[in-house]
file final_13.cif (mmCIF, C-alpha atoms)
data_protein
#
loop_
_atom_site.label_atom_id
_atom_site.label_comp_id
_atom_site.auth_asym_id
_atom_site.auth_seq_id
_atom_site.Cartn_x
_atom_site.Cartn_y
_atom_site.Cartn_z
CA MET C 1 -38.01 390.55 -27.14
CA ARG C 2 -41.03 389.79 -29.25
CA PRO C 3 -42.35 386.29 -29.81
CA SER C 4 -41.69 386.62 -33.51
CA SER C 5 -37.95 386.93 -32.84
CA LEU C 6 -37.77 383.84 -30.66
CA PRO C 7 -36.31 380.74 -32.32
CA ALA C 8 -38.72 377.89 -32.73
CA PRO C 9 -37.26 375.00 -30.68
CA ARG C 10 -38.57 372.00 -32.60
CA LEU C 11 -38.10 368.38 -31.66
CA PRO C 12 -38.16 365.51 -34.13
CA PRO C 13 -41.61 364.05 -34.89
CA ALA C 14 -40.78 360.99 -32.81
CA ALA C 15 -40.63 363.24 -29.76
CA CYS C 16 -44.41 363.68 -29.85
CA GLN C 17 -45.40 360.08 -30.26
CA ARG C 18 -44.64 357.13 -32.46
CA GLY C 19 -46.02 357.55 -36.00
CA PHE C 20 -46.93 360.63 -38.06
CA TRP C 21 -47.97 363.71 -36.05
CA GLN C 22 -49.25 367.15 -36.90
CA PRO C 23 -49.00 369.88 -34.21
CA VAL C 24 -52.25 371.78 -33.63
CA THR C 25 -53.00 374.59 -31.20
CA ALA C 26 -56.25 375.80 -29.81
CA ALA C 27 -55.03 379.39 -29.60
CA ARG C 28 -53.21 381.81 -31.86
CA PRO C 29 -49.73 380.54 -32.80
CA PRO C 30 -47.09 382.41 -30.82
CA TRP C 31 -44.79 382.55 -33.87
CA PRO C 32 -46.49 384.36 -36.74
CA GLY C 33 -46.54 382.40 -39.94
CA THR C 34 -45.35 379.19 -38.27
CA GLU C 35 -46.88 376.28 -36.42
CA PRO C 36 -46.11 375.92 -32.75
CA PRO C 37 -43.61 373.19 -31.90
CA CYS C 38 -44.45 370.08 -29.92
CA LEU C 39 -42.22 369.89 -26.87
CA LEU C 40 -43.45 366.91 -24.85
CA PRO C 41 -43.79 363.33 -26.11
CA ALA C 42 -46.84 361.14 -25.68
CA SER C 43 -48.53 363.33 -23.07
CA GLY C 44 -50.42 365.27 -25.75
CA VAL C 45 -49.94 368.67 -24.04
CA ALA C 46 -46.97 371.02 -24.38
CA SER C 47 -46.17 374.44 -22.97
CA VAL C 48 -44.67 377.32 -24.97
CA LEU C 49 -43.04 380.23 -23.22
CA LEU C 50 -43.89 383.67 -24.58
CA ASP C 51 -41.54 386.46 -23.57
CA GLN C 52 -43.35 389.83 -23.67
CA GLY C 53 -41.08 392.34 -22.03
CA ASN C 54 -40.93 391.60 -18.33
CA ASP C 55 -44.16 389.64 -18.38
CA ARG C 56 -44.21 385.94 -19.03
CA SER C 57 -47.30 384.05 -20.15
CA TYR C 58 -47.88 380.51 -21.29
CA ARG C 59 -50.05 378.96 -23.94
CA LYS C 60 -51.03 375.36 -24.23
CA MET C 61 -51.01 373.35 -27.40
CA MET C 62 -51.76 369.74 -28.21
CA CYS C 63 -50.12 367.20 -30.48
CA LEU C 64 -52.68 365.32 -32.52
CA PRO C 65 -51.87 362.45 -34.89
CA ALA C 66 -52.02 363.39 -38.54
CA SER C 67 -53.58 361.19 -41.14
CA PRO C 68 -51.14 358.59 -42.54
CA PRO C 69 -49.72 359.19 -46.03
CA PRO C 70 -51.64 357.66 -48.89
CA LEU C 71 -50.77 354.19 -50.17
CA ALA C 72 -49.21 355.53 -53.37
CA SER C 73 -46.75 357.68 -51.41
CA ARG C 74 -45.67 354.73 -49.28
CA THR C 75 -45.21 352.59 -52.41
CA TRP C 76 -43.00 355.19 -54.07
CA LEU C 77 -41.06 355.60 -50.85
CA GLY C 78 -40.40 351.84 -50.72
CA LEU C 79 -39.30 351.78 -54.35
CA GLY C 80 -36.95 354.69 -53.77
CA LEU C 81 -35.30 352.95 -50.82
CA PHE C 82 -34.96 349.78 -52.87
CA VAL C 83 -33.25 351.66 -55.71
CA LEU C 84 -30.83 353.34 -53.29
CA LEU C 85 -30.02 349.96 -51.77
CA CYS C 86 -29.32 348.46 -55.18
CA LEU C 87 -27.09 351.39 -56.14
CA GLY C 88 -25.12 351.03 -52.92
CA MET C 89 -24.64 347.32 -53.50
CA GLY C 90 -23.57 347.98 -57.08
CA GLN C 91 -20.93 350.44 -55.96
CA ALA C 92 -19.65 347.93 -53.42
CA LEU C 93 -19.43 345.24 -56.07
CA GLU C 94 -17.59 347.56 -58.46
CA LYS C 95 -14.63 347.92 -56.10
CA LYS C 96 -11.78 346.10 -57.81
CA ILE C 97 -9.47 343.64 -56.07
CA VAL C 98 -6.03 342.85 -57.48
CA ARG C 99 -4.03 339.91 -56.10
CA SER C 100 -0.29 339.48 -56.31
CA LYS C 101 2.60 337.65 -54.67
CA VAL C 102 5.73 339.01 -53.08
CA GLY C 103 8.38 339.82 -55.68
CA GLU C 104 5.99 340.05 -58.65
CA LYS C 105 5.06 343.06 -60.79
CA VAL C 106 1.44 344.14 -60.53
CA SER C 107 -0.75 346.69 -62.34
CA LEU C 108 -3.49 348.76 -60.68
CA PRO C 109 -6.07 350.04 -63.22
CA CYS C 110 -7.36 353.59 -63.10
CA CYS C 111 -10.94 354.66 -63.79
CA HIS C 112 -10.11 357.04 -66.66
CA GLU C 113 -8.32 356.82 -69.99
CA ILE C 114 -7.00 359.90 -71.77
CA PRO C 115 -8.38 360.26 -75.32
CA SER C 116 -5.90 360.11 -78.17
CA SER C 117 -6.77 363.70 -79.12
CA GLU C 118 -5.52 364.95 -75.73
CA SER C 119 -2.44 364.44 -73.61
CA LEU C 120 -1.42 364.13 -69.99
CA HIS C 121 -0.51 367.85 -69.94
CA LYS C 122 -4.17 368.80 -69.54
CA TYR C 123 -4.74 366.52 -66.54
CA ARG C 124 -3.84 366.11 -62.93
CA VAL C 125 -3.50 362.54 -61.73
CA TYR C 126 -3.12 361.45 -58.12
CA TRP C 127 -2.43 357.87 -57.01
CA GLN C 128 -2.76 357.66 -53.24
CA LYS C 129 -2.88 354.83 -50.71
CA ASN C 130 -5.36 354.65 -47.86
CA ILE C 131 -6.46 358.20 -48.84
CA THR C 132 -3.65 359.78 -46.82
CA ASP C 133 -0.36 358.76 -48.52
CA VAL C 134 0.37 360.11 -52.01
CA VAL C 135 2.12 357.36 -53.96
CA LEU C 136 2.50 359.21 -57.26
CA ALA C 137 1.20 362.54 -58.59
CA TYR C 138 1.31 364.21 -62.02
CA SER C 139 0.37 367.75 -62.97
CA GLU C 140 0.45 369.09 -66.53
CA GLY C 141 2.42 366.07 -67.66
CA ASN C 142 5.14 366.38 -65.00
CA MET C 143 5.65 364.19 -61.96
CA ILE C 144 5.30 366.36 -58.88
CA SER C 145 5.41 363.76 -56.10
CA LYS C 146 6.57 360.18 -55.48
CA HIS C 147 6.52 358.27 -52.20
CA GLU C 148 9.96 357.40 -50.87
CA ARG C 149 9.03 353.77 -50.15
CA TYR C 150 8.06 353.22 -53.79
CA ARG C 151 11.20 354.77 -55.25
CA ASN C 152 12.44 352.88 -58.33
CA ARG C 153 9.46 350.52 -58.03
CA ILE C 154 6.51 352.41 -59.56
CA GLU C 155 5.60 353.90 -62.91
CA MET C 156 2.38 355.13 -64.54
CA ASP C 157 1.07 354.60 -68.05
CA PRO C 158 0.57 358.06 -69.65
CA TRP C 159 -2.67 357.04 -71.43
CA ASN C 160 -4.72 354.63 -69.33
CA LEU C 161 -3.06 355.92 -66.11
CA THR C 162 -2.39 352.37 -64.85
CA LEU C 163 -0.04 352.25 -61.87
CA TRP C 164 2.67 349.57 -62.11
CA ILE C 165 4.39 348.36 -58.93
CA SER C 166 7.51 346.18 -59.22
CA LEU C 167 8.98 343.84 -56.59
CA VAL C 168 5.75 343.83 -54.60
CA GLU C 169 6.12 343.72 -50.83
CA ILE C 170 3.77 342.71 -48.03
CA LEU C 171 3.66 346.36 -46.93
CA ASP C 172 2.11 347.24 -50.31
CA ASN C 173 -1.18 345.71 -49.15
CA GLY C 174 -4.02 348.20 -48.98
CA SER C 175 -6.52 350.35 -50.83
CA TYR C 176 -5.25 352.58 -53.66
CA GLN C 177 -7.24 355.51 -55.05
CA CYS C 178 -6.93 357.02 -58.52
CA VAL C 179 -8.13 360.65 -58.74
CA VAL C 180 -8.15 362.38 -62.15
CA GLN C 181 -8.84 366.10 -62.69
CA HIS C 182 -9.44 367.81 -66.02
CA ASN C 183 -9.70 371.59 -66.04
CA SER C 184 -10.00 371.52 -62.24
CA VAL C 185 -12.98 369.15 -62.48
CA VAL C 186 -12.78 365.67 -60.98
CA VAL C 187 -13.59 363.24 -63.78
CA CYS C 188 -12.57 360.06 -61.97
CA ASP C 189 -12.27 358.94 -58.36
CA GLU C 190 -12.24 355.19 -57.72
CA SER C 191 -10.39 352.75 -55.48
CA VAL C 192 -8.70 349.43 -56.11
CA ILE C 193 -7.56 347.03 -53.39
CA LEU C 194 -4.19 345.34 -53.64
CA PHE C 195 -3.92 342.04 -51.79
CA VAL C 196 -0.37 340.67 -51.54
CA THR C 197 0.42 337.11 -50.44
CA ALA C 198 3.70 335.39 -49.59
CA ASP C 199 4.18 331.65 -50.04
CA PHE C 200 4.76 329.50 -46.97
CA SER C 201 7.49 326.90 -46.88
CA LYS C 202 6.56 323.26 -47.34
CA PRO C 203 5.26 321.93 -44.00
CA ASN C 204 7.70 319.81 -42.03
CA ILE C 205 6.39 317.01 -39.76
CA THR C 206 8.53 315.58 -36.96
CA ALA C 207 7.64 312.81 -34.48
CA GLU C 208 9.13 312.33 -31.03
CA VAL C 209 8.40 309.16 -29.03
CA SER C 210 7.44 310.07 -25.46
CA ALA C 211 6.39 306.59 -24.25
CA ASP C 212 6.59 303.08 -25.67
CA SER C 213 5.03 299.76 -24.75
CA CYS C 214 3.86 296.56 -26.37
CA GLU C 215 0.33 297.92 -26.68
CA LEU C 216 1.01 301.44 -28.06
CA THR C 217 3.58 304.11 -28.83
CA GLU C 218 2.90 307.64 -27.56
CA MET C 219 4.25 310.30 -29.96
CA VAL C 220 4.40 314.10 -29.95
CA LEU C 221 3.94 315.34 -33.54
CA THR C 222 5.01 318.79 -34.71
CA CYS C 223 4.10 320.43 -38.04
CA SER C 224 5.79 323.74 -38.88
CA SER C 225 5.93 326.21 -41.77
CA HIS C 226 7.31 329.76 -42.02
CA GLY C 227 7.72 332.93 -44.07
CA GLY C 228 4.17 333.28 -45.45
CA PHE C 229 1.40 335.87 -45.52
CA PRO C 230 -1.44 336.34 -44.57
CA LYS C 231 -2.18 334.45 -41.36
CA PRO C 232 -2.75 330.83 -42.40
CA LYS C 233 -5.02 328.04 -41.30
CA ILE C 234 -3.46 324.70 -40.37
CA SER C 235 -5.38 321.45 -40.81
CA GLY C 236 -4.60 317.76 -41.08
CA ALA C 237 -5.82 314.23 -41.62
CA LEU C 238 -5.14 310.90 -39.91
CA ASN C 239 -5.60 307.99 -42.32
CA ASN C 240 -7.73 310.34 -44.50
CA VAL C 241 -9.91 311.29 -41.51
CA SER C 242 -9.96 315.01 -40.69
CA MET C 243 -8.25 316.09 -37.47
CA GLU C 244 -7.20 319.35 -35.78
CA TRP C 245 -3.74 320.59 -34.82
CA ASN C 246 -3.08 322.73 -31.75
CA ALA C 247 -1.81 325.72 -33.74
CA SER C 248 0.22 328.78 -32.74
CA TRP C 249 1.32 331.73 -34.88
CA VAL C 250 4.25 334.12 -34.60
CA SER C 251 4.48 337.46 -36.47
CA GLU C 252 6.14 340.79 -35.73
CA SER C 253 3.11 342.78 -36.93
CA SER C 254 -0.09 342.46 -38.93
CA LEU C 255 1.89 343.16 -42.12
CA SER C 256 4.83 340.81 -41.42
CA PRO C 257 5.45 337.18 -42.45
CA TYR C 258 3.93 334.49 -40.26
CA ASN C 259 5.48 331.36 -38.76
CA VAL C 260 2.97 328.66 -37.84
CA THR C 261 3.43 325.56 -35.67
CA GLY C 262 0.96 322.80 -34.93
CA LYS C 263 1.33 320.13 -32.23
CA LEU C 264 -0.50 316.86 -31.64
CA LEU C 265 -0.25 314.09 -29.03
CA LEU C 266 -0.99 310.73 -30.68
CA ASN C 267 -1.18 307.15 -29.39
CA VAL C 268 -0.04 304.87 -32.19
CA THR C 269 -1.23 301.27 -32.02
CA LYS C 270 -0.56 300.48 -35.69
CA ASP C 271 1.02 302.12 -38.73
CA VAL C 272 -0.79 305.36 -39.61
CA ASN C 273 -0.43 308.14 -42.22
CA ILE C 274 -0.52 311.74 -40.95
CA THR C 275 -1.06 314.82 -43.20
CA CYS C 276 -0.42 318.50 -42.44
CA SER C 277 -1.83 321.29 -44.68
CA ILE C 278 -1.19 325.06 -44.59
CA GLU C 279 -3.97 327.12 -46.23
CA TYR C 280 -3.70 330.86 -46.99
CA SER C 281 -5.54 333.20 -49.35
CA GLY C 282 -6.79 330.45 -51.65
CA PHE C 283 -3.44 328.62 -51.71
CA ALA C 284 -2.41 325.46 -49.87
CA LYS C 285 0.72 323.45 -49.17
CA SER C 286 0.73 320.02 -47.53
CA THR C 287 2.95 317.11 -46.64
CA SER C 288 2.46 313.58 -45.27
CA LEU C 289 4.38 311.23 -42.99
CA LEU C 290 3.98 307.48 -42.36
CA LEU C 291 4.19 306.65 -38.66
CA LYS C 292 5.13 303.06 -37.79
CA LYS C 293 4.62 301.21 -34.55
CA THR C 294 8.14 301.00 -33.13
CA ASN C 295 7.87 298.19 -30.52
CA ASP C 296 6.92 294.78 -31.96
CA CYS C 297 7.28 292.75 -28.77
CA VAL C 298 5.25 289.55 -28.35
CA VAL C 299 2.21 290.10 -26.23
CA PRO C 300 1.88 287.30 -23.57
CA PRO C 301 -1.17 285.08 -24.09
CA ALA C 302 -4.17 285.74 -21.97
CA PRO C 303 -4.55 283.44 -18.91
CA PRO C 304 -6.99 280.54 -19.38
CA PRO C 305 -10.44 280.77 -17.87
CA TYR C 306 -11.15 279.72 -14.29
CA ASN C 307 -13.02 276.54 -15.34
CA VAL C 308 -10.09 275.31 -17.37
CA ILE C 309 -7.72 275.85 -14.45
CA THR C 310 -10.00 273.92 -12.07
CA ALA C 311 -10.36 270.99 -14.46
CA SER C 312 -6.59 270.87 -14.99
CA ILE C 313 -5.95 270.78 -11.23
CA ILE C 314 -8.43 267.92 -10.77
CA ILE C 315 -6.81 265.89 -13.55
CA VAL C 316 -3.33 266.41 -12.09
CA ILE C 317 -4.45 265.40 -8.58
CA THR C 318 -6.15 262.25 -9.93
CA PHE C 319 -3.04 261.28 -11.86
CA LEU C 320 -0.84 261.73 -8.79
CA LEU C 321 -3.18 259.60 -6.67
CA ALA C 322 -3.12 256.85 -9.27
CA ILE C 323 0.65 256.82 -9.32
CA THR C 324 0.81 256.76 -5.51
CA LEU C 325 -1.57 253.81 -5.25
CA ALA C 326 0.23 251.90 -7.95
CA ALA C 327 3.57 252.44 -6.27
CA ARG C 328 2.24 251.24 -2.94
CA TYR C 329 0.37 248.00 -3.83
CA LEU C 330 1.98 246.71 -7.01
CA PRO C 331 5.48 245.97 -5.55
CA ARG C 332 4.06 243.60 -2.80
CA HIS C 333 2.23 241.42 -5.28
CA VAL C 334 5.25 241.11 -7.52
CA CYS C 335 7.60 240.41 -4.61
CA SER C 336 5.52 237.46 -3.32
CA HIS C 337 5.89 235.63 -6.64
CA CYS C 338 9.56 236.49 -6.82
CA CYS C 339 10.24 235.05 -3.34
CA LYS C 340 8.62 231.68 -4.12
CA HIS C 341 10.65 231.31 -7.29
CA GLN C 342 13.85 232.20 -5.42
CA ASP C 343 13.22 229.52 -2.79
CA LEU C 344 12.92 226.82 -5.45
CA VAL C 345 16.14 227.94 -7.04
CA ASP C 346 17.98 227.89 -3.76
CA GLU C 347 16.80 224.37 -2.96
CA GLY C 348 17.99 223.09 -6.33
CA VAL C 349 21.40 224.60 -5.81
CA LYS C 350 21.70 223.00 -2.42
CA GLU C 351 20.83 219.54 -3.74
CA TYR C 352 23.31 219.88 -6.55
CA THR C 353 26.11 220.87 -4.26
CA LYS C 354 25.42 217.96 -1.90
CA ALA C 355 25.77 215.20 -4.53
CA PRO C 356 29.46 215.77 -5.53
CA THR C 357 30.52 215.97 -1.94
CA SER C 358 29.19 212.51 -1.10
CA SER C 359 30.83 211.03 -4.15
CA LYS C 360 34.19 212.50 -3.23
CA GLY C 361 33.98 211.01 0.22
CA THR C 362 33.27 207.57 -1.20
CA ALA C 363 36.31 207.76 -3.39
CA GLU C 364 38.52 208.68 -0.55
CA THR C 365 37.24 205.80 1.45
CA SER C 366 37.92 203.44 -1.34
CA SER C 367 41.44 204.55 -1.74
CA VAL C 368 42.11 203.95 1.85
#

call {"tool": "encode", "arguments": {"input": "final_13.cif", "output": "structure tokens"}}
result
Amino acid sequence: MRPSSLPAPRLPPAACQRGFWQPVTAARPPWPGTEPPCLLPASGVASVLLDQGNDRSYRKMMCLPASPPPLASRTWLGLGLFVLLCLGMGQALEKKIVRSKVGEKVSLPCCHEIPSSESLHKYRVYWQKNITDVVLAYSEGNMISKHERYRNRIEMDPWNLTLWISLVEILDNGSYQCVVQHNSVVVCDESVILFVTADFSKPNITAEVSADSCELTEMVLTCSSHGGFPKPKISGALNNVSMEWNASWVSESSLSPYNVTGKLLLNVTKDVNITCSIEYSGFAKSTSLLLKKTNDCVVPPAPPPYNVITASIIIVITFLLAITLAARYLPRHVCSHCCKHQDLVDEGVKEYTKAPTSSKGTAETSSV
């Protein structure tokens, strides 16, 4: 095998060394009309195998850095990348999004409109979902395919090729592509995204008392809503102050209705107003509930301070001592005066009783 018939095993420029590199050899290139490849990075020396019959020989070559491109080339390169970036962003922004709710009728616009001088018979139109499923297809003015799931629910305008979907379902969510061919040439190929939402029920708040006392009432609050799509966010407020629910979601699949439940443990010390909100795809439903403190028992007064108790005890002891002393000494003084007065009374009674007796005896004597 001659060297000229050997393939030239080239590595990317970065394999030589970082930056711009130009392979150079000190000997005759082994591949006529081509430059020898650089096989080893950074080391600066590479080996090339030359197969000449049964003999094998090697040549050495070096990788030397080439001069950087001129400033003008780098400027144009930067401008080109900028233009490509802008075009890519423009295409991303052009992707249409159509929103609808379950049960409504929605229209998906196509990227082509048939001129009035022509008709659908000269075109082929394909409406497909997620690139793989053909929803509706027309060829030469005749419908050639319709997806079973969309039966009796879809129709296409014969001029602007708009696809109409009736009784929209959650499963209709996705990207739809309109492809139009004219004389076997694709004249239109664009996508439109259908985003279907389902309304949630009005949130329902329930409160269950788990503990009750004079100071507070412990309640377990539950906020629930069901039957909506997509997955919602649950939020709330306590006396107009934002708060978070412990939320949980239940759904059979990613394209099935959601049921959401939020729970909250709350210590109620006074009447409060609680709000629960369900937010989904730009929509929101909320409800409020006034929670009242259930137990209105009278709180016992706080015990008086230690100093007040001590002073009260001293006053009571002093009062008792005063009463004891008064009861012990006051009766003796009163009794001494009472006894003297009683003696005088007794003496007067005795003298009075003696006088009639003597007179009676005198009378008796006289009668005798």

call {"tool": "residues_around", "arguments": {"input": "final_13.cif", "residues": "C:Ser210", "least_positions_apart": "5", "cutoff": "10 Å", "atoms": "all atoms listed in the file", "output": "NGL selection string"}}
result
:C and (217-220 or 265-267)

call {"tool": "write_last_selection", "arguments": {"input": "final_13.cif", "atoms": "C-alpha atoms", "output": "PDB file, keeping the file's coordinate frame"}}
result
ATOM      1  CA  THR C 217       3.580 304.110 -28.830  1.00  0.00           C
ATOM      2  CA  GLU C 218       2.900 307.640 -27.560  1.00  0.00           C
ATOM      3  CA  MET C 219       4.250 310.300 -29.960  1.00  0.00           C
ATOM      4  CA  VAL C 220       4.400 314.100 -29.950  1.00  0.00           C
ATOM      5  CA  LEU C 265      -0.250 314.090 -29.030  1.00  0.00           C
ATOM      6  CA  LEU C 266      -0.990 310.730 -30.680  1.00  0.00           C
ATOM      7  CA  ASN C 267      -1.180 307.150 -29.390  1.00  0.00           C
TER       8      ASN C 267
END

call {"tool": "residues_around", "arguments": {"input": "final_13.cif", "residues": "stretch 244-255 of chain C", "least_positions_apart": "6", "cutoff": "6 Å", "atoms": "all atoms listed in the file", "output": "ChimeraX atom specification"}}
result
/C:235,261-264

call {"tool": "write_last_selection", "arguments": {"input": "final_13.cif", "atoms": "C-alpha atoms", "output": "short mmCIF file (atom, residue, chain, number, x, y, z; two decimals), keeping the file's coordinate frame"}}
result
data_model
loop_
_atom_site.label_atom_id
_atom_site.label_comp_id
_atom_site.auth_asym_id
_atom_site.auth_seq_id
_atom_site.Cartn_x
_atom_site.Cartn_y
_atom_site.Cartn_z
CA SER C 235 -5.38 321.45 -40.81
CA THR C 261 3.43 325.56 -35.67
CA GLY C 262 0.96 322.80 -34.93
CA LYS C 263 1.33 320.13 -32.23
CA LEU C 264 -0.50 316.86 -31.64
#

call {"tool": "resolve_selection", "arguments": {"input": "final_13.cif", "expression": "the PyMOL selection byres ((chain C and resi 284) around 10)", "output": "mmCIF file with C-alpha atoms, in the frame of the given file"}}
result
data_model
loop_
_atom_site.group_PDB
_atom_site.id
_atom_site.type_symbol
_atom_site.label_atom_id
_atom_site.label_comp_id
_atom_site.auth_asym_id
_atom_site.auth_seq_id
_atom_site.Cartn_x
_atom_site.Cartn_y
_atom_site.Cartn_z
ATOM 1 C CA ASP C 199 4.180 331.650 -50.040
ATOM 2 C CA PHE C 200 4.760 329.500 -46.970
ATOM 3 C CA LYS C 202 6.560 323.260 -47.340
ATOM 4 C CA PRO C 232 -2.750 330.830 -42.400
ATOM 5 C CA LYS C 233 -5.020 328.040 -41.300
ATOM 6 C CA ILE C 234 -3.460 324.700 -40.370
ATOM 7 C CA SER C 277 -1.830 321.290 -44.680
ATOM 8 C CA ILE C 278 -1.190 325.060 -44.590
ATOM 9 C CA GLU C 279 -3.970 327.120 -46.230
ATOM 10 C CA TYR C 280 -3.700 330.860 -46.990
ATOM 11 C CA SER C 281 -5.540 333.200 -49.350
ATOM 12 C CA GLY C 282 -6.790 330.450 -51.650
ATOM 13 C CA PHE C 283 -3.440 328.620 -51.710
ATOM 14 C CA LYS C 285 0.720 323.450 -49.170
ATOM 15 C CA SER C 286 0.730 320.020 -47.530
#

call {"tool": "closest_residue", "arguments": {"input": "final_13.cif", "among": "C:Cys276, C:Ile154, C:Val125, C:Ile170", "to": "C:Leu238", "atoms": "all atoms listed in the file"}}
result
C:Cys276

call {"tool": "atom_distance", "arguments": {"input": "final_13.cif", "atom1": "atom CA of C:Asn240", "atom2": "atom CA of C:Ser213"}}
result
25.8 Å

call {"tool": "atom_distance", "arguments": {"input": "final_13.cif", "atom1": "atom CA of C:Ser145", "atom2": "atom CA of C:Arg124"}}
result
11.7 Å

call {"tool": "resolve_selection", "arguments": {"input": "final_13.cif", "expression": "the PyMOL selection byres ((chain C and resi 197) around 10)", "output": "VMD selection string"}}
result
chain C and resid 99 to 103 168 to 170 173 194 to 196 198 to 200 228 to 231 257 280 to 283

call {"tool": "closest_residue", "arguments": {"input": "final_13.cif", "among": "C:Val308, C:Val316, C:Met243, C:Cys188", "to": "C:Cys111", "atoms": "all atoms listed in the file"}}
result
C:Cys188

call {"tool": "atom_distance", "arguments": {"input": "final_13.cif", "atom1": "atom CA of C:Met143", "atom2": "atom CA of C:Trp127"}}
result
11.4 Å

call {"tool": "resolve_selection", "arguments": {"input": "final_13.cif", "expression": "the PyMOL selection byres ((chain C and resi 190) around 8)", "output": "count of residues only"}}
result
10
